[in-house]
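Working notes, beginning with the structure itself.
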Amino acid sequence: MKLALENLSKSYGQHQALDGLDLHLENARCLTLIGPSGGGKSTTLRLVAGLEKASGGHILLNDKAVPCSEEELRDYRKSIGVVFQSYNLFPHFDALTNIALPLEKVHGVAKADAQERAYELLARFKLADHSRKKPSELSGGQNQRVAIARSLAHDPELILFDEPTSALDPEMSAQILDVIEELIQSGKDCIVVTHQMGFAKRASDYAAFISHGKVAESGTSKDLFDSPQSQELRQFLERELKY
Amino acid sequence: MRALLFQDPDSDPTAVRAAAKWASATLALSFLCLLALAAFASLEYNWNWSAVFKYKTKFIEGWLLTIQVSSVSLLVACIIGGLSALSARSRFLPLRYLFKIYVEGTRGTPLLVQILLIFYVFADAAHLENRYVVGVLVLSFFSGAYVSEIFRAGIESIGSSQLLSAKAIGFTPYQTFRYIIFPQALRRSLPALAGQFANLIKDSSLLSIIAIEEFTLNAQEVNTSTLSTFESFFPLAVGYLILTLPIFHLSRRLEKRLAFDS
Ligand SMILES: Nc1ncnc2c1ncn2[C@@H]1O[C@H](COP(=O)(O)OP(=O)(O)OP(=O)(O)O)[C@@H](O)[C@H]1O
Ligand SMILES: [Mg+2]
């Protein structure tokens with residue numbers, strides 16, 4: 001993907017969540033966003049997902065500007081996949097319907113085809129036996145895999161992950177991270193917010209350190225993790241790696 | 001014996017053995033009956049069930065009418081309540097306030113006052129002659145305000161993360177409502193809605209004051225003709241209980257199932 005975030009700002013009332021954030025990537029497969037809590041990572045992701053409108057600045061994804069009108073935004077969102085920390089599956093639908101319904105209603109796929117596609121995806125994530133279970137009958141890791149399957153179903157050009165493993169135990173997070181890594185290797189573009197530094201270093205080609213609503217440091221993940229320039233990033237990495 | 005009357009101190013407070021339940025409930029009921037009998041004995045009350053029994057069709061007709069009036073009112077109340085709950089989300093502000101005033105006004109005044117006001121003032125002005133239509137309308141509007149609050153609470157109980165998720169998927173606001181909010185909100189509203197139905201059945205007794213021949217009015221008429229007060233009004237209470245107890249029970253079961261699911 002080619003991504004440009006130009007002088008991006010976002011305020012919530014008095015609070016300035018993003019304050020002139022800049023980031024330019026020419027050809028990235030996977031970008032990870034790291035940084036302290038409250039720094040603005042999730043806000044950045046929500047803006048790129050077209051879920052909220054920026055207070056100022058521009059976002060260009062593959063040379064196309066993220067639109068401003070609600071109508072166009074809705075079309076734009078259809079080309080993106082989002083996975084949140086807390087799965088956010090719809091609790092009243094089973095796993096299969098969670099995936100098939102958006103395909104059918106948003107992307108206009110015929111019902112039978114949508115279900116077939118959903119089933120294929122579940123099978124791919126080793127969930128074939130669980131297709132008729134509701135989210136409350138599935139484990140956290142299984143739920144998250146369904147959520148990933150849902151975000152993939154319409155073959156989006158970009159998938160966004162916001163701390164996809166922070167609600168999971170280490171064993172399950174490892175599973176989920178493997179799934180994401182596989183996606184990256186299969187050629188999907190993605191942006192991942194994560195606290196798993198090992199994963200960030202290994203799986204992503206670019207990384208940005210977001211703090212106080214700005215990109216404090218960015219570069220290839222190798223550079224960023226192996227030779228951090230700023231004092232702040234060094235301290236942050238030390239603390240993250242300590243535990 | 002002790003095990004039938006006392007709860008096992010070690011078990012959880014909601015779990016009571018079936019045998020103990022029955023024995024204790026029977027005992028409590030017998031005590032109440034005894035108390036009532038003692039009261040009548042001291043009154044030297046002259047029982048006259050046969051005079052009242054002659055009017056049994058009157059009771060049954062009234063009872064059936066009460067069911068009809070309440071059911072139709074519940075249906076209309078659901079429509080009004082649904083519209084009202086939806087309008088609270090409308091972007092057209094006057095509509096929002098219109099229903100807000102309706103809900104607050106209705107919840108803030110007694111049903112009796114509403115019946116009198118609508119029957120003697122508005123229905124007259126609108127040339128609504130049929131008192132049954134007026135009765136059902138009053139009950140519907142009254143109940144609709146409560147149903148509206150029930151629906152509103154149901155809608156608001158859908159977490160914002162689900163709404164964000166629906167938005168991210170690309171659902172339109174209508175689709176979000178149709179597929180995500182509505183089915184869940186309805187399910188969560190059902191226990192309270194059942195309770196509201198039971199309230200409606202009880203409240204419909206007030207329609208007797210505008211001479212709608214429902215259960216209570218008919219019992220009053222039987223009382224006037226037979227002068228057997230207790231024999232006229234006791235069946236009345238039982239008739240209401242036959243309707244409300246199962247509904248309250250249903251409501252509690254729905255509530256439990258909901259708590260179990262989520
Ligand atoms: N909807 C909102 N309303 C008000 N303030 C918000 C909102 N969303 C975010 N903020 C504020 O914006 C700032 C950035 O939040 P953001 O969620 O982007 O941080 P983050 O980097 O994702 O942190 P974390 O690692 O804790 O998830 C925070 O100070 C937060 O309080
Ligand atoms: Mg966050």
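All residue names refer to the structure tokens as shown: chains lettered A, B, ... in order, residues numbered from 1 in each chain, ligands numbered from 1 in order.
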Show me which bits of chain A are within 6 Å of chain B, counting only C-alpha atoms, as a count of residues only. 4
Using only C-alpha atoms and all ligand atoms, which residues have at least one atom no more than 9 Å from ligand 1? Output them as a PyMOL selection string. chain A and resi 10-18+33-46+162-163+193-195+210-213
Would you please work out which residue, of A:Ser173, A:Glu232, A:His24, A:His154, is nearest to A:Lys105 when using only C-alpha atoms? A:His154
Could you name the residues that touch A:Leu25 at 6 Å or less, counting only C-alpha atoms, but leaving out those on the same chain fewer than 2 positions away, as a PyMOL selection string? chain A and resi 2-3+27
Save out the residues we just selected, C-alpha atoms, as an mmCIF file, in the first residue's frame.
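Heads up, here's the output in out_23.cif:
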```cif
data_model
loop_
_atom_site.group_PDB
_atom_site.id
_atom_site.type_symbol
_atom_site.label_atom_id
_atom_site.label_comp_id
_atom_site.auth_asym_id
_atom_site.auth_seq_id
_atom_site.Cartn_x
_atom_site.Cartn_y
_atom_site.Cartn_z
ATOM 1 C CA LYS A 2 0.896 3.580 -0.376
ATOM 2 C CA LEU A 3 -0.162 5.651 2.568
ATOM 3 C CA ASN A 27 5.233 0.758 -0.615
#
```
Length of the atom CA of A:Tyr206 to atom CA of A:Phe125 vector [Å]: 26.3 Å
Considering only C-alpha atoms, can you say which of A:Gln142, A:Asn62, A:Gln235, A:Asn98 comes closest to A:His130? A:Gln142
Write down as a PyMOL selection string the residues belonging to stretch 20-260 of chain B that are assigned alpha helix (DSSP H) by DSSP computed on the backbone. chain B and resi 20-43+49-53+56-87+93-107+111-117+123-125+131-156+160-169+173-175+182-203+215-226+229-260
If you run DSSP on the backbone here, which positions in stretch 92-212 of chain A get strand (DSSP E or B)? Please write them as a list in words. Leu158, Ile159, Leu160, Phe161, Asp162, Cys190, Ile191, Val192, Val193, Tyr206, Ala207, Ala208, Phe209, Ile210 and Ser211 of chain A
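Excluding stretch 122-130 of chain B itself and any same-chain residue fewer than 6 positions from it, the protein and nucleic acid residues within 12 Å of it, counting only C-alpha atoms, are Gln114, Ile115, Leu116, Val136, Leu137, Val138, Ile210, Ala211 and Ile212 of chain B.
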Mind writing the picked residues with C-alpha atoms as a tab-separated table (two decimals), in the first residue's frame?
```
chain	number	residue	atom	x	y	z
B	114	GLN	CA	-56.45	10.84	31.10
B	115	ILE	CA	-59.61	8.79	30.68
B	116	LEU	CA	-61.78	11.64	31.89
B	136	VAL	CA	-58.84	1.39	23.64
B	137	LEU	CA	-57.25	4.61	22.40
B	138	VAL	CA	-56.79	5.98	25.91
B	210	ILE	CA	-66.79	5.56	31.26
B	211	ALA	CA	-69.28	2.69	31.23
B	212	ILE	CA	-67.27	0.23	29.18
```
Long-range neighbours of stretch 230-240 of chain B as a ChimeraX atom specification, 12 Å cut-off, only C-alpha atoms, 6 positions minimum in chain: /B:36,40,45-56,58-64,66-67,70,198-205,214-224,246-247
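Between ligand 2 and the residues A:Ser166, A:Gly187, A:Asn143, A:Glu171, the shortest atom-to-atom distance, using only C-alpha atoms and all ligand atoms, involves A:Ser166.
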